[in-house]
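Text of the file data07.txt, holding compact mmCIF, C-alpha atoms:
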```txt
# COMPACT_ATOMS: atom_id res chain seq x y z
CA MET A 1 201.93 35.85 -27.83
CA ARG A 2 200.31 36.47 -24.45
CA ALA A 3 202.06 36.54 -21.08
CA VAL A 4 201.17 35.32 -17.59
CA VAL A 5 202.70 37.54 -14.91
CA LEU A 6 202.92 36.03 -11.44
CA VAL A 7 202.04 38.66 -8.83
CA GLY A 8 200.17 36.62 -6.22
CA GLY A 9 202.80 36.20 -3.49
CA PHE A 10 202.58 37.68 -0.01
CA GLY A 11 205.97 39.41 -0.23
CA THR A 12 206.92 38.22 3.25
CA ARG A 13 210.60 39.10 2.86
CA LEU A 14 209.71 42.75 2.26
CA ARG A 15 207.52 43.17 5.30
CA PRO A 16 206.46 45.56 6.80
CA LEU A 17 206.20 47.36 3.42
CA THR A 18 204.05 44.57 2.00
CA PHE A 19 201.60 44.48 4.90
CA THR A 20 199.75 47.27 3.10
CA THR A 21 201.00 47.07 -0.50
CA PRO A 22 201.59 44.04 -2.75
CA LYS A 23 205.26 43.71 -3.60
CA GLN A 24 204.77 44.42 -7.30
CA MET A 25 202.96 47.67 -6.48
CA LEU A 26 205.89 49.03 -4.48
CA PRO A 27 207.62 51.82 -6.40
CA ILE A 28 210.87 51.43 -8.30
CA ILE A 29 212.05 54.98 -9.07
CA HIS A 30 208.62 56.60 -8.67
CA LYS A 31 206.43 54.05 -10.45
CA PRO A 32 205.14 50.64 -9.42
CA MET A 33 207.37 47.65 -10.04
CA ILE A 34 204.68 46.00 -12.18
CA GLU A 35 204.94 48.87 -14.68
CA HIS A 36 208.66 48.21 -15.16
CA VAL A 37 207.91 44.53 -15.77
CA LEU A 38 205.12 45.20 -18.27
CA GLU A 39 207.08 47.94 -20.07
CA HIS A 40 209.83 45.38 -20.68
CA LEU A 41 207.29 42.98 -22.19
CA ALA A 42 205.80 45.74 -24.33
CA ASP A 43 209.27 46.56 -25.64
CA HIS A 44 209.37 43.00 -27.00
CA GLY A 45 205.97 43.10 -28.64
CA ILE A 46 203.89 41.58 -25.84
CA THR A 47 200.67 43.58 -25.71
CA ASP A 48 198.41 41.26 -23.70
CA ALA A 49 199.13 39.93 -20.20
CA VAL A 50 197.29 38.04 -17.49
CA LEU A 51 198.08 39.06 -13.92
CA SER A 52 197.94 35.94 -11.76
CA MET A 53 196.89 37.44 -8.46
CA GLY A 54 196.22 36.25 -4.95
CA TYR A 55 197.29 38.72 -2.26
CA ARG A 56 195.58 42.14 -2.31
CA PRO A 57 194.29 42.01 -5.90
CA ASP A 58 192.33 45.19 -5.24
CA ALA A 59 195.56 47.19 -5.29
CA PHE A 60 196.15 46.29 -8.94
CA VAL A 61 192.54 46.71 -10.02
CA ASP A 62 192.28 50.10 -8.29
CA ALA A 63 195.52 51.30 -9.90
CA TYR A 64 194.59 50.14 -13.42
CA PRO A 65 190.79 50.03 -13.50
CA ASN A 66 190.56 50.24 -17.29
CA GLY A 67 192.61 47.07 -17.75
CA SER A 68 195.66 48.76 -19.26
CA CYS A 69 199.10 49.15 -17.68
CA ALA A 70 202.31 50.44 -19.27
CA GLY A 71 200.95 49.95 -22.78
CA VAL A 72 199.84 46.36 -22.13
CA GLU A 73 196.24 45.17 -21.90
CA VAL A 74 195.84 43.23 -18.67
CA HIS A 75 193.39 40.54 -17.60
CA TYR A 76 192.96 39.94 -13.88
CA ALA A 77 192.93 36.31 -12.72
CA VAL A 78 192.40 36.07 -8.95
CA GLU A 79 193.18 32.70 -7.35
CA PRO A 80 190.51 31.54 -4.89
CA GLU A 81 193.34 30.09 -2.77
CA PRO A 82 197.15 29.89 -3.13
CA LEU A 83 197.99 27.31 -5.80
CA ASP A 84 201.82 27.57 -5.90
CA THR A 85 203.69 28.52 -9.07
CA ALA A 86 202.41 25.92 -11.54
CA GLY A 87 198.90 26.06 -10.13
CA ALA A 88 198.90 29.83 -10.49
CA ILE A 89 200.07 29.59 -14.10
CA ARG A 90 197.41 27.02 -14.96
CA PHE A 91 194.64 28.97 -13.25
CA ALA A 92 195.58 32.26 -14.93
CA ALA A 93 195.99 30.72 -18.39
CA LEU A 94 192.65 28.92 -18.25
CA ASP A 95 190.90 31.93 -16.75
CA ALA A 96 192.10 34.08 -19.65
CA GLY A 97 191.42 31.44 -22.30
CA ILE A 98 195.06 30.94 -23.32
CA ASP A 99 195.33 27.94 -25.65
CA GLU A 100 198.50 28.74 -27.60
CA ARG A 101 202.19 29.18 -26.80
CA PHE A 102 202.61 31.74 -24.02
CA LEU A 103 205.19 33.52 -21.89
CA VAL A 104 205.49 33.41 -18.09
CA VAL A 105 207.36 36.00 -16.04
CA ASN A 106 207.76 36.65 -12.32
CA GLY A 107 206.40 40.05 -11.39
CA ASP A 108 209.17 40.77 -8.88
CA VAL A 109 212.09 40.24 -11.29
CA LEU A 110 213.64 43.10 -13.23
CA THR A 111 215.67 42.05 -16.26
CA ASP A 112 216.91 43.18 -19.64
CA LEU A 113 216.42 39.70 -21.10
CA ASP A 114 215.86 39.60 -24.87
CA VAL A 115 212.44 37.97 -24.75
CA ASN A 116 212.29 37.59 -28.53
CA ALA A 117 215.60 35.70 -28.53
CA LEU A 118 214.18 33.34 -25.90
CA ILE A 119 211.09 32.73 -28.04
CA ASP A 120 213.25 32.12 -31.12
CA PHE A 121 215.42 29.65 -29.17
CA HIS A 122 212.30 27.82 -28.02
CA GLU A 123 210.98 27.61 -31.58
CA ALA A 124 214.30 26.48 -33.05
CA HIS A 125 214.64 23.61 -30.56
CA GLY A 126 211.05 22.42 -30.81
CA ALA A 127 210.78 22.67 -27.03
CA GLU A 128 207.71 22.13 -24.92
CA GLY A 129 209.12 24.61 -22.43
CA THR A 130 212.14 26.92 -22.35
CA ILE A 131 213.65 28.60 -19.30
CA ALA A 132 215.76 31.76 -19.30
CA LEU A 133 218.91 31.29 -17.23
CA HIS A 134 221.11 33.69 -15.30
CA ARG A 135 224.64 33.17 -13.92
CA VAL A 136 225.18 33.91 -10.18
CA ASP A 137 228.07 33.73 -7.74
CA ASP A 138 226.12 31.74 -5.15
CA PRO A 139 223.38 29.50 -6.58
CA SER A 140 222.34 28.00 -3.23
CA ALA A 141 219.31 30.30 -2.90
CA PHE A 142 217.94 29.41 -6.33
CA GLY A 143 217.03 26.53 -8.62
CA VAL A 144 220.04 25.61 -10.77
CA VAL A 145 219.65 24.26 -14.28
CA PRO A 146 222.42 22.16 -15.86
CA THR A 147 222.01 21.61 -19.63
CA ASP A 148 223.65 19.62 -22.40
CA ALA A 149 225.40 21.16 -25.41
CA GLN A 150 222.09 21.64 -27.25
CA GLY A 151 220.44 23.43 -24.32
CA ARG A 152 218.28 20.51 -23.23
CA VAL A 153 217.84 20.59 -19.46
CA GLU A 154 219.48 17.61 -17.76
CA ALA A 155 218.19 18.23 -14.25
CA PHE A 156 216.38 20.81 -12.18
CA VAL A 157 218.05 21.14 -8.80
CA GLU A 158 216.25 23.35 -6.28
CA LYS A 159 218.52 25.38 -3.93
CA PRO A 160 221.55 23.06 -3.75
CA PRO A 161 224.37 23.67 -1.22
CA ARG A 162 226.88 26.06 -2.77
CA ASP A 163 229.70 23.51 -2.94
CA GLU A 164 227.43 20.86 -4.48
CA ALA A 165 225.75 22.91 -7.21
CA PRO A 166 226.27 21.30 -10.65
CA THR A 167 226.23 24.73 -12.33
CA ASP A 168 226.05 28.42 -11.50
CA LEU A 169 223.22 28.96 -13.98
CA ILE A 170 219.92 29.54 -12.21
CA ASN A 171 216.28 29.65 -13.25
CA ALA A 172 215.69 33.35 -13.99
CA GLY A 173 211.90 33.11 -13.80
CA THR A 174 211.00 33.73 -17.46
CA TYR A 175 209.54 30.82 -19.42
CA VAL A 176 208.15 30.10 -22.86
CA LEU A 177 205.58 27.32 -22.58
CA GLU A 178 203.45 25.32 -24.99
CA PRO A 179 199.80 24.87 -23.95
CA SER A 180 200.49 21.15 -23.41
CA VAL A 181 202.31 22.13 -20.20
CA LEU A 182 198.95 23.09 -18.69
CA GLY A 183 197.88 19.45 -19.01
CA ARG A 184 200.78 18.45 -16.78
CA ILE A 185 199.44 20.56 -13.88
CA ALA A 186 196.85 19.06 -11.53
CA GLY A 187 193.87 21.33 -11.03
CA ASP A 188 192.80 20.19 -7.58
CA ARG A 189 195.89 21.02 -5.45
CA LYS A 190 198.98 23.17 -5.11
CA VAL A 191 201.62 22.38 -7.74
CA SER A 192 205.16 23.77 -7.97
CA ILE A 193 206.52 24.24 -11.46
CA GLU A 194 210.10 24.06 -10.18
CA ARG A 195 209.75 20.92 -8.06
CA GLU A 196 207.15 18.93 -9.98
CA VAL A 197 206.36 20.07 -13.52
CA PHE A 198 209.86 20.91 -14.74
CA PRO A 199 211.41 17.64 -13.45
CA ALA A 200 208.71 15.70 -15.29
CA MET A 201 209.52 17.60 -18.48
CA VAL A 202 213.23 16.91 -17.96
CA ALA A 203 212.43 13.20 -17.76
CA ASP A 204 210.60 13.47 -21.08
CA GLY A 205 213.42 15.48 -22.71
CA THR A 206 211.12 18.40 -23.61
CA LEU A 207 212.54 21.17 -21.40
CA TYR A 208 215.26 23.50 -22.72
CA ALA A 209 217.06 26.51 -21.32
CA MET A 210 218.94 29.54 -22.67
CA ASP A 211 221.59 31.60 -20.89
CA GLY A 212 220.29 35.15 -20.84
CA HIS A 213 223.68 36.95 -20.47
CA THR A 214 221.84 39.99 -19.18
CA TYR A 215 220.94 42.17 -16.20
CA TRP A 216 218.70 40.35 -13.73
CA ILE A 217 217.61 41.00 -10.16
CA ASP A 218 215.02 39.49 -7.84
CA THR A 219 213.67 42.47 -5.88
CA GLY A 220 212.06 40.41 -3.14
CA THR A 221 214.34 41.36 -0.22
CA PRO A 222 215.14 44.80 1.25
CA ALA A 223 218.73 44.54 0.02
CA LYS A 224 217.70 43.68 -3.55
CA TYR A 225 214.79 46.14 -3.60
CA LEU A 226 217.29 48.82 -2.67
CA GLN A 227 219.95 47.60 -5.08
CA ALA A 228 217.56 47.54 -8.05
CA GLN A 229 217.01 51.26 -7.63
CA ILE A 230 220.63 52.15 -6.93
CA ASP A 231 221.53 50.32 -10.16
CA LEU A 232 219.18 52.62 -12.07
CA LEU A 233 220.61 55.71 -10.37
CA ARG A 234 224.14 54.64 -11.30
CA GLY A 235 223.25 53.94 -14.91
CA GLU A 236 223.94 50.21 -14.70
CA ARG A 237 220.77 49.70 -16.75
CA GLY A 238 220.92 52.27 -19.53
CA GLU A 239 221.08 55.99 -18.80
CA LYS A 240 221.24 57.27 -15.24
CA VAL A 241 217.86 58.28 -13.83
CA GLN A 242 216.88 61.06 -11.43
CA GLY A 243 216.20 59.79 -7.93
CA VAL A 244 214.61 62.85 -6.35
CA HIS A 245 210.99 63.32 -7.41
CA PRO A 246 210.08 66.89 -8.47
CA GLY A 247 207.34 66.77 -5.84
CA ALA A 248 209.78 66.05 -2.99
CA ARG A 249 211.23 68.80 -0.77
CA ILE A 250 214.91 68.92 0.12
CA ASP A 251 215.74 71.76 2.51
CA GLU A 252 218.88 73.84 2.07
CA GLY A 253 221.77 72.24 3.90
CA ALA A 254 220.43 68.69 3.58
CA ILE A 255 222.51 66.04 1.80
CA VAL A 256 220.89 63.49 -0.50
CA ALA A 257 223.34 61.15 -2.22
CA ARG A 258 222.65 58.08 -4.41
CA SER A 259 219.10 57.85 -3.07
CA VAL A 260 215.48 57.82 -4.19
CA VAL A 261 213.18 60.42 -2.64
CA GLY A 262 209.51 59.93 -3.46
CA VAL A 263 206.78 62.46 -4.12
CA GLY A 264 205.75 64.42 -1.04
CA ALA A 265 208.80 63.29 0.95
CA HIS A 266 210.67 65.92 2.98
CA VAL A 267 214.33 66.01 4.02
CA ALA A 268 214.98 68.73 6.60
CA ALA A 269 218.04 70.96 6.87
CA GLY A 270 221.18 69.24 8.08
CA ALA A 271 219.80 65.74 7.44
CA GLU A 272 221.82 63.20 5.45
CA VAL A 273 220.26 60.56 3.20
CA ARG A 274 222.74 58.18 1.55
CA GLY A 275 222.08 55.05 -0.49
CA SER A 276 218.49 54.87 0.69
CA ILE A 277 214.86 54.84 -0.43
CA LEU A 278 212.40 57.39 0.96
CA LEU A 279 208.92 56.37 -0.13
CA PRO A 280 206.20 58.95 -0.82
CA GLY A 281 205.19 61.24 2.02
CA SER A 282 208.01 60.22 4.37
CA SER A 283 209.80 62.81 6.49
CA ILE A 284 213.40 63.03 7.69
CA GLY A 285 214.01 65.43 10.58
CA ALA A 286 216.78 68.00 10.92
CA HIS A 287 220.27 66.49 11.31
CA ALA A 288 218.93 62.94 11.11
CA VAL A 289 220.90 60.31 9.16
CA VAL A 290 219.38 57.68 6.89
CA GLU A 291 221.97 55.39 5.33
CA ARG A 292 221.27 52.21 3.32
CA ALA A 293 217.72 52.01 4.61
CA ILE A 294 214.12 52.07 3.38
CA VAL A 295 211.67 54.56 4.88
CA GLY A 296 208.06 53.61 4.14
CA PRO A 297 205.20 55.84 2.97
CA GLY A 298 204.33 58.53 5.48
CA ALA A 299 206.99 57.35 7.94
CA THR A 300 208.86 59.87 10.11
CA VAL A 301 212.47 59.89 11.28
CA GLY A 302 212.88 62.40 14.11
CA GLU A 303 215.56 65.04 14.51
CA ARG A 304 219.08 63.65 15.04
CA ALA A 305 217.79 60.07 14.78
CA ARG A 306 219.67 57.50 12.72
CA VAL A 307 218.27 54.72 10.53
CA ASP A 308 220.79 52.45 8.80
CA ASP A 309 222.09 48.97 7.96
CA LEU A 310 219.08 47.89 5.82
CA ALA A 311 216.51 48.95 8.39
CA VAL A 312 212.96 49.13 7.01
CA LEU A 313 210.30 51.47 8.37
CA GLY A 314 206.70 50.51 7.60
CA ASP A 315 203.91 52.84 6.55
CA ARG A 316 203.51 55.80 8.95
CA ALA A 317 206.12 54.41 11.36
CA VAL A 318 207.71 56.98 13.67
CA VAL A 319 211.24 56.98 15.07
CA ASP A 320 211.56 59.52 17.86
CA PRO A 321 214.31 62.16 17.88
CA GLY A 322 217.77 60.95 18.83
CA LEU A 323 217.02 57.21 18.48
CA ARG A 324 218.77 54.72 16.22
CA VAL A 325 217.35 51.86 14.17
CA SER A 326 220.15 49.69 12.78
CA GLY A 327 218.83 46.76 10.78
CA GLY A 328 215.48 45.12 11.43
CA SER A 329 212.21 46.92 10.98
CA VAL A 330 209.65 49.23 12.57
CA GLY A 331 206.11 48.10 11.81
CA VAL A 332 203.16 49.84 10.21
CA ASP A 333 201.94 52.69 12.44
CA GLU A 334 204.49 51.68 15.09
CA HIS A 335 205.95 54.51 17.18
CA LEU A 336 209.49 53.81 18.35
CA THR A 337 210.26 55.69 21.57
CA LEU A 338 212.96 55.29 24.16
CA GLU A 339 210.43 53.56 26.42
CA SER A 340 209.29 51.18 23.66
CA GLY A 341 212.79 49.89 23.00
CA GLY A 342 214.49 52.58 20.93
CA ARG A 343 218.25 52.56 20.96
```

Represent the structure of the file as structure tokens.
Amino acid sequence: MRAVVLVGGFGTRLRPLTFTTPKQMLPIIHKPMIEHVLEHLADHGITDAVLSMGYRPDAFVDAYPNGSCAGVEVHYAVEPEPLDTAGAIRFAALDAGIDERFLVVNGDVLTDLDVNALIDFHEAHGAEGTIALHRVDDPSAFGVVPTDAQGRVEAFVEKPPRDEAPTDLINAGTYVLEPSVLGRIAGDRKVSIEREVFPAMVADGTLYAMDGHTYWIDTGTPAKYLQAQIDLLRGERGEKVQGVHPGARIDEGAIVARSVVGVGAHVAAGAEVRGSILLPGSSIGAHAVVERAIVGPGATVGERARVDDLAVLGDRAVVDPGLRVSGGSVGVDEHLTLESGGR
């Protein structure tokens, strides 16, 4: 079975990091997110994937020029214009010549879903399409999927108010689809799989869903991008991993706790880094504090400065000594000084 991996979004919620790098090429514990996604597929026997691309496709092609990533052969399908989720799936599948049952995954979701169990469920129920589900505390930010006792989807409700949601099971962004689904997708306009294609399949009784009962996280916001990596550090997904890259430099007297420090990053003496992500080449000055924040590639936090409360520094951003950035962001190549609005 082949897979279509959706990686074409602009990653607007992760700006300014995604102004220069597609979301799926941002690192998760020292390697691009897309490699984690494809490794998971490879672990379940998927050896061929189509990357459905739109924004900055060159970043993927440059990183994997021989068409292989994490043990999976990849085909690049670049949309001429944004086609929404169903349109992207159709374009990628046709571009790669897919004409049999196939898998679809979102390239910004990390999960331990048993993909083979999902495929078996799909086969056993004779489904045209099968959705993996995930249980959440607040379903209002997602599409919820109520089902009957056999797993047949009864409705597809996009982002309902919390107190009106018919279930707490959400669409987890992994699908098994028959090629007939491609015929349901118009080729001359944007088409949403969640708002148009799936409801039509519900009406025909051909859409099923399976509760994944597994780890799942959408990494598309600063909070979730950070959490996904803290989870790995804590061992909430298998064995604990090492957060400090061997090529990083931590000066004597610096404190680094529950954080990821990328290659070439430097933490000076007396600095404290807690629950944060320092991307490659970033620099934290002496006695500075970085707490629950993301410091972009090549960014600099000056001496005795403080960056916290989910603040995000873009590539090569500079925070002058003694200033504080609490929440919000500092843009790519932006230099935050007292005169420019530092606080």

Surrounding residues of Gly143 (chain A) excluding itself and chain neighbours under 4 positions, 12 Å, only C-alpha atoms, as a PyMOL selection string: chain A and resi 131-136+138-139+155-162+165-173+193-195+198-199

Pairwise distance for CA of Asp211 (chain A) and CA of Ala88 (chain A), rounded to one decimal in Å: 25.0 Å

Within-9 Å shell of (210.0, 40.4, 1.3) in input frame, all atoms listed in the file, as a ChimeraX atom specification: /A:10-18,23,219-222,225

Please, could you write that set of residues out with C-alpha atoms as a compact mmCIF listing (two decimals), keeping the file's coordinate frame?
```txt
# COMPACT_ATOMS: atom_id res chain seq x y z
CA PHE A 10 202.58 37.68 -0.01
CA GLY A 11 205.97 39.41 -0.23
CA THR A 12 206.92 38.22 3.25
CA ARG A 13 210.60 39.10 2.86
CA LEU A 14 209.71 42.75 2.26
CA ARG A 15 207.52 43.17 5.30
CA PRO A 16 206.46 45.56 6.80
CA LEU A 17 206.20 47.36 3.42
CA THR A 18 204.05 44.57 2.00
CA LYS A 23 205.26 43.71 -3.60
CA THR A 219 213.67 42.47 -5.88
CA GLY A 220 212.06 40.41 -3.14
CA THR A 221 214.34 41.36 -0.22
CA PRO A 222 215.14 44.80 1.25
CA TYR A 225 214.79 46.14 -3.60
```

Point (218.1, 53.0, 16.8), cut-off 12 Å, counting only C-alpha atoms, residues as a PyMOL selection string: chain A and resi 288-290+301-302+304-309+311-313+318-330+336-338+340-343

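Excluding Ser276 (chain A) itself and same-chain residues fewer than 2 positions from it, the residues having an atom within 10 Å of it are Leu226, Gln227, Gln229, Ile230, Val256, Ala257, Arg258, Ser259, Val260, Val261, Val273, Arg274, Leu278, Leu279, Val290, Glu291, Arg292, Ala293, Ile294, Val295, Val307, Asp308, Leu310 and Ala311 of chain A, counting all atoms listed in the file.
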
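Comparing the minimum interatomic distances between Gly238 (chain A) and each of A:Ile185, A:Thr111, A:Ser180, A:His30, counting all atoms listed in the file, we find that A:Thr111 sits nearest.
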
Residue with smallest distance to Pro246 (chain A) - pool A:Pro80, A:Pro280, A:Gly270, A:Gly8, counting all atoms listed in the file: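 Looking at the shortest contact to Pro246 (chain A), the residue is A:Pro280.
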
Option closest in space to Arg249 (chain A), from A:Leu233, A:Ala299, A:Met210, A:Ala268 [counting all atoms listed in the file]: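 Closest candidate: A:Ala268.
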
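Considering all atoms listed in the file, the residue among A:Leu207, A:Ala42, A:Cys69, A:Leu83 positioned nearest to Ser192 (chain A) is A:Leu83.
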
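Residues surrounding Val181 (chain A) within 12 Å are Ala86, Gly87, Ile89, Arg90, Ala93, Leu94, Ile98, Asp99, Glu100, Arg101, Phe102, Leu103, Val104, Ala127, Glu128, Gly129, Thr130, Tyr175, Ile193, Glu196, Val197, Phe198, Ala200, Met201, Thr206 and Leu207 of chain A [all atoms listed in the file; sequence separation below 6 positions excluded].
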
Keeping only C-alpha atoms, write the selected residues as an mmCIF file, in the frame of the given file.
```
data_model
loop_
_atom_site.group_PDB
_atom_site.id
_atom_site.type_symbol
_atom_site.label_atom_id
_atom_site.label_comp_id
_atom_site.auth_asym_id
_atom_site.auth_seq_id
_atom_site.Cartn_x
_atom_site.Cartn_y
_atom_site.Cartn_z
ATOM 1 C CA ALA A 86 202.410 25.920 -11.540
ATOM 2 C CA GLY A 87 198.900 26.060 -10.130
ATOM 3 C CA ILE A 89 200.070 29.590 -14.100
ATOM 4 C CA ARG A 90 197.410 27.020 -14.960
ATOM 5 C CA ALA A 93 195.990 30.720 -18.390
ATOM 6 C CA LEU A 94 192.650 28.920 -18.250
ATOM 7 C CA ILE A 98 195.060 30.940 -23.320
ATOM 8 C CA ASP A 99 195.330 27.940 -25.650
ATOM 9 C CA GLU A 100 198.500 28.740 -27.600
ATOM 10 C CA ARG A 101 202.190 29.180 -26.800
ATOM 11 C CA PHE A 102 202.610 31.740 -24.020
ATOM 12 C CA LEU A 103 205.190 33.520 -21.890
ATOM 13 C CA VAL A 104 205.490 33.410 -18.090
ATOM 14 C CA ALA A 127 210.780 22.670 -27.030
ATOM 15 C CA GLU A 128 207.710 22.130 -24.920
ATOM 16 C CA GLY A 129 209.120 24.610 -22.430
ATOM 17 C CA THR A 130 212.140 26.920 -22.350
ATOM 18 C CA TYR A 175 209.540 30.820 -19.420
ATOM 19 C CA ILE A 193 206.520 24.240 -11.460
ATOM 20 C CA GLU A 196 207.150 18.930 -9.980
ATOM 21 C CA VAL A 197 206.360 20.070 -13.520
ATOM 22 C CA PHE A 198 209.860 20.910 -14.740
ATOM 23 C CA ALA A 200 208.710 15.700 -15.290
ATOM 24 C CA MET A 201 209.520 17.600 -18.480
ATOM 25 C CA THR A 206 211.120 18.400 -23.610
ATOM 26 C CA LEU A 207 212.540 21.170 -21.400
#
```

From A:Thr20, A:Asn66, A:Asn106, A:Asn116, residue lying nearest Met53 (chain A) [all atoms listed in the file]: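 Smallest separation from Met53 (chain A) among the options: A:Asn106.
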
Between CA of Gly331 (chain A) and CA of Gly9 (chain A) - distance in Å to one decimal: 19.7 Å
